[in-house]
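Just below is one structure, and these are the notes that go with it.
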Number of protein chains: 2
Amino acid sequence: MEKENSKDKIISTASRLFQLQGYHATGLNQILKESEAPKGSLYYYFPNGKEQLAIESVQLTARFVSERIEEGLNRHSDPVVAIQGFIDDMAKQFQEKRCSEGVPIAAVALETSLTSEELRKACQVAYEKFQDVFTRKLIQSGYEENRAKELGIVINSMLEGAFLISFTTGTSKPLQLVSKQIPVLLQ
Amino acid sequence: MEKENSKDKIISTASRLFQLQGYHATGLNQILKESEAPKGSLYYYFPNGKEQLAIESVQLTARFVSERIEEGLNRHSDPVVAIQGFIDDMAKQFQEKRCSEGVPIAAVALETSLTSEELRKACQVAYEKFQDVFTRKLIQSGYEENRAKELGIVINSMLEGAFLISFTTGTSKPLQLVSKQIPVLLQ
DNA sequence: GTCTATAGTGGGATAGAC
DNA sequence: GTCTATCCCACTATAGAC
């Protein structure tokens, strides 16, 4: 973040809007207006247009979210307590400001995976990053490597699914219930 | 299905395309072309336009998918075997024809939940139907009602999440791994 | 019920001045 | 680096003939 230049302002605004509205519903005009970036500079920074902007937006979201996961997990040494605490925090934040965030990566991934291989790849890398944070925490805590990898994939899937259902139904219950299953899953 | 009239042809084509490409990427022209329905009859059957068509498409998908879940679960009386078998089937089908299906409801839900309350509600009802099928199976098998409801929500979340990640990363591994956790979850 | 034509809007992208 | 103007296209939706 720090001293945000025009390019950074465009990307951070685009990340937020793509996550909230999806790829096709988010117009370049809206991004330029909301970012208050100098108009007309979009194709200077992103010569490949909307697709390139979306790719870099996904990459920014991936870094941002995986850092948040990592911070969350570092708050407790026990992996069950840590992961559960992280998901509980997500559920709490979700309740407070449901409309202001959206589901990380998912909308862009669903809309573009079949039409843009590059964008699909960016979403894949993002998901692998999320999984990896959980997996590393489990390995640190003594879990066998293969099992830790499997659990990373499962936890990430559960979390994305719970976000999706929570977002659609407007209640944080799915997130809360997924959190509740973590001890069983990690036993 | 049976004797498909024009309206049914339009809806079933729309369901497939919305699921595959999302709401905003699917144009009415494409739906009319692929459905081979008489052109121009769209606004005769759907006077409220694209939004109405999407709502009815989501409802059709909801019925279709929940029936498939129910059939799948009826193939074994033991709930662990039944649910695991169902998810394994999904994983197998996913491997065979990844591109031909997409993730049920998810794309439309993510793209429209914040802009169309009616459409959001239709997606919510769809998800509740899915959950309900799992919950009923568990209650039949002797699970306590509240626990069955909670597990229905969790299983549905896991499944949608695993579909999303499988779809994006192009491997059915998330679905397989989620299936593998079912015995632990239901113990 | 079905069709054609078209209105009207907004999208992404480009050119060229400064 | 930034801005304006503009092109072209696709979209949703409507009007009106048959």
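Following the order of the structure tokens, chains are lettered A, B, ..., residues in each are numbered from 1, and ligands are numbered from 1.
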
Inset, instruction - Quick one: everything within 9 Å of stretch 164-170 of chain B, counting only C-alpha atoms (C1' of nucleotides), minus sequence neighbours fewer than 6 positions away in the same chain. Send it as a list in words. - result: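 After dropping sequence-adjacent residues, the list is Ala106, Ala109, Leu110, Ser113, Leu114, Arg120, Lys121, Cys123, Gln124, Val125, Tyr127, Glu128, Ile153, Asn156, Ser157, Glu160 and Gly161 of chain A; Ala91, Phe94, Gln95, Arg98, Cys99, Gly102, Val103 and Ala106 of chain B.
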
Within 12 Å of chain D: residues of chain A, using only C-alpha atoms (C1' of nucleotides), as a JSON list (two decimals) with N, CA, C and O atoms, in the first residue's frame:
```json
[["chain", "number", "residue", "atom", "x", "y", "z"],
["A", 5, "ASN", "N", 0.80, 4.91, -6.02],
["A", 5, "ASN", "CA", 0.79, 5.62, -7.29],
["A", 5, "ASN", "C", -0.45, 5.22, -8.09],
["A", 5, "ASN", "O", -1.27, 4.44, -7.64],
["A", 6, "SER", "N", -0.56, 5.76, -9.26],
["A", 6, "SER", "CA", -1.76, 5.52, -10.06],
["A", 6, "SER", "C", -1.96, 4.04, -10.34],
["A", 6, "SER", "O", -3.07, 3.51, -10.21],
["A", 7, "LYS", "N", -0.89, 3.37, -10.72],
["A", 7, "LYS", "CA", -1.02, 1.95, -11.06],
["A", 7, "LYS", "C", -1.53, 1.16, -9.86],
["A", 7, "LYS", "O", -2.45, 0.35, -9.99],
["A", 37, "ALA", "N", -8.00, 7.43, -10.12],
["A", 37, "ALA", "CA", -6.73, 7.50, -10.82],
["A", 37, "ALA", "C", -6.91, 8.38, -12.05],
["A", 37, "ALA", "O", -8.02, 8.52, -12.55],
["A", 38, "PRO", "N", -5.86, 9.00, -12.49],
["A", 38, "PRO", "CA", -5.94, 9.80, -13.71],
["A", 38, "PRO", "C", -6.52, 8.98, -14.85],
["A", 38, "PRO", "O", -6.01, 7.91, -15.18],
["A", 39, "LYS", "N", -7.58, 9.47, -15.41],
["A", 39, "LYS", "CA", -8.23, 8.71, -16.48],
["A", 39, "LYS", "C", -7.31, 8.61, -17.69],
["A", 39, "LYS", "O", -6.51, 9.47, -17.94],
["A", 40, "GLY", "N", -7.45, 7.56, -18.40],
["A", 40, "GLY", "CA", -6.68, 7.43, -19.62],
["A", 40, "GLY", "C", -5.34, 6.77, -19.41],
["A", 40, "GLY", "O", -4.68, 6.38, -20.36],
["A", 41, "SER", "N", -4.96, 6.64, -18.15],
["A", 41, "SER", "CA", -3.65, 6.03, -17.91],
["A", 41, "SER", "C", -3.75, 4.52, -17.79],
["A", 41, "SER", "O", -2.75, 3.83, -17.62],
["A", 42, "LEU", "N", -4.97, 4.00, -17.92],
["A", 42, "LEU", "CA", -5.16, 2.57, -17.72],
["A", 42, "LEU", "C", -4.39, 1.74, -18.75],
["A", 42, "LEU", "O", -3.66, 0.82, -18.39],
["A", 43, "TYR", "N", -4.53, 2.09, -20.00],
["A", 43, "TYR", "CA", -3.87, 1.30, -21.04],
["A", 43, "TYR", "C", -2.39, 1.63, -21.14],
["A", 43, "TYR", "O", -1.64, 0.95, -21.83],
["A", 44, "TYR", "N", -1.96, 2.65, -20.42],
["A", 44, "TYR", "CA", -0.53, 2.90, -20.33],
["A", 44, "TYR", "C", 0.10, 1.87, -19.39],
["A", 44, "TYR", "O", 1.14, 1.29, -19.69],
["A", 45, "TYR", "N", -0.57, 1.61, -18.28],
["A", 45, "TYR", "CA", -0.02, 0.66, -17.31],
["A", 45, "TYR", "C", -0.37, -0.79, -17.64],
["A", 45, "TYR", "O", 0.36, -1.71, -17.28]]
```

Inset, instruction - Apply DSSP to the structure's backbone, then extract all residues of stretch 14-133 of chain A labelled alpha helix (DSSP H) and return them as a ChimeraX atom specification. - result: /A:14-21,28-35,42-45,49-73,79-96,106-112,117-133

Inset, instruction - Please identify every residue of chain A that has at least one atom no more than 12 Å from any atom of chain C, counting only C-alpha atoms (C1' of nucleotides), and report them as a ChimeraX atom specification. - result: /A:24-30,40,42-44,46-51

Residues from the last selection, N, CA and C atoms, saved as a PDB file, in the first residue's frame:
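Done, and the output landed in selection34.pdb:
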```
ATOM      1  N   HIS A  24     -17.067  -9.808 -15.316  1.00  0.00           N
ATOM      2  CA  HIS A  24     -17.810  -9.181 -16.412  1.00  0.00           C
ATOM      3  C   HIS A  24     -18.692  -8.025 -15.963  1.00  0.00           C
ATOM      4  N   ALA A  25     -19.073  -8.049 -14.695  1.00  0.00           N
ATOM      5  CA  ALA A  25     -19.944  -6.975 -14.212  1.00  0.00           C
ATOM      6  C   ALA A  25     -19.144  -5.725 -13.847  1.00  0.00           C
ATOM      7  N   THR A  26     -17.848  -5.845 -13.789  1.00  0.00           N
ATOM      8  CA  THR A  26     -17.008  -4.711 -13.411  1.00  0.00           C
ATOM      9  C   THR A  26     -16.419  -4.046 -14.654  1.00  0.00           C
ATOM     10  N   GLY A  27     -16.825  -2.837 -14.891  1.00  0.00           N
ATOM     11  CA  GLY A  27     -16.346  -2.132 -16.086  1.00  0.00           C
ATOM     12  C   GLY A  27     -15.097  -1.331 -15.795  1.00  0.00           C
ATOM     13  N   LEU A  28     -14.334  -1.103 -16.855  1.00  0.00           N
ATOM     14  CA  LEU A  28     -13.107  -0.316 -16.688  1.00  0.00           C
ATOM     15  C   LEU A  28     -13.433   1.116 -16.276  1.00  0.00           C
ATOM     16  N   ASN A  29     -14.539   1.616 -16.759  1.00  0.00           N
ATOM     17  CA  ASN A  29     -14.933   2.979 -16.364  1.00  0.00           C
ATOM     18  C   ASN A  29     -15.159   3.074 -14.861  1.00  0.00           C
ATOM     19  N   GLN A  30     -15.840   2.088 -14.312  1.00  0.00           N
ATOM     20  CA  GLN A  30     -16.099   2.098 -12.864  1.00  0.00           C
ATOM     21  C   GLN A  30     -14.794   2.039 -12.083  1.00  0.00           C
ATOM     22  N   GLY A  40      -7.452   7.563 -18.400  1.00  0.00           N
ATOM     23  CA  GLY A  40      -6.685   7.427 -19.620  1.00  0.00           C
ATOM     24  C   GLY A  40      -5.341   6.774 -19.407  1.00  0.00           C
ATOM     25  N   LEU A  42      -4.975   3.998 -17.922  1.00  0.00           N
ATOM     26  CA  LEU A  42      -5.161   2.568 -17.725  1.00  0.00           C
ATOM     27  C   LEU A  42      -4.394   1.737 -18.753  1.00  0.00           C
ATOM     28  N   TYR A  43      -4.535   2.090 -20.002  1.00  0.00           N
ATOM     29  CA  TYR A  43      -3.866   1.303 -21.041  1.00  0.00           C
ATOM     30  C   TYR A  43      -2.387   1.626 -21.137  1.00  0.00           C
ATOM     31  N   TYR A  44      -1.963   2.650 -20.417  1.00  0.00           N
ATOM     32  CA  TYR A  44      -0.529   2.899 -20.329  1.00  0.00           C
ATOM     33  C   TYR A  44       0.101   1.874 -19.388  1.00  0.00           C
ATOM     34  N   PHE A  46      -1.512  -0.955 -18.318  1.00  0.00           N
ATOM     35  CA  PHE A  46      -1.959  -2.322 -18.623  1.00  0.00           C
ATOM     36  C   PHE A  46      -2.224  -2.454 -20.118  1.00  0.00           C
ATOM     37  N   PRO A  47      -1.162  -2.538 -20.892  1.00  0.00           N
ATOM     38  CA  PRO A  47      -1.327  -2.543 -22.356  1.00  0.00           C
ATOM     39  C   PRO A  47      -2.187  -3.707 -22.846  1.00  0.00           C
ATOM     40  N   ASN A  48      -2.253  -4.777 -22.089  1.00  0.00           N
ATOM     41  CA  ASN A  48      -3.101  -5.892 -22.522  1.00  0.00           C
ATOM     42  C   ASN A  48      -4.534  -5.797 -21.997  1.00  0.00           C
ATOM     43  N   GLY A  49      -4.866  -4.629 -21.482  1.00  0.00           N
ATOM     44  CA  GLY A  49      -6.265  -4.368 -21.181  1.00  0.00           C
ATOM     45  C   GLY A  49      -6.814  -5.062 -19.957  1.00  0.00           C
ATOM     46  N   LYS A  50      -8.080  -5.334 -20.023  1.00  0.00           N
ATOM     47  CA  LYS A  50      -8.815  -5.812 -18.859  1.00  0.00           C
ATOM     48  C   LYS A  50      -8.269  -7.135 -18.336  1.00  0.00           C
ATOM     49  N   GLU A  51      -7.900  -8.014 -19.253  1.00  0.00           N
ATOM     50  CA  GLU A  51      -7.411  -9.325 -18.819  1.00  0.00           C
ATOM     51  C   GLU A  51      -6.145  -9.185 -17.970  1.00  0.00           C
TER      52      GLU A  51
END
```

Inset, instruction - Could you check which of A:Gly72, A:Gly85, A:Gly152, A:Gly22 is closest to chain B, using only C-alpha atoms? - result: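 Among A:Gly72, A:Gly85, A:Gly152, A:Gly22, it is A:Gly22 that comes nearest to chain B.
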
Legend entry - Residue with smallest distance to chain A - pool B:Asp8, B:Asp88, B:Glu118, B:Glu150, counting only C-alpha atoms: B:Glu150

Inset, instruction - Can you work out which one of B:Gln93, B:Ser77, B:Thr171, B:Thr61 has the shortest atom-to-atom distance to chain A, counting only C-alpha atoms? - result: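 Ranking B:Gln93, B:Ser77, B:Thr171, B:Thr61 by distance to chain A, first place goes to B:Thr171.
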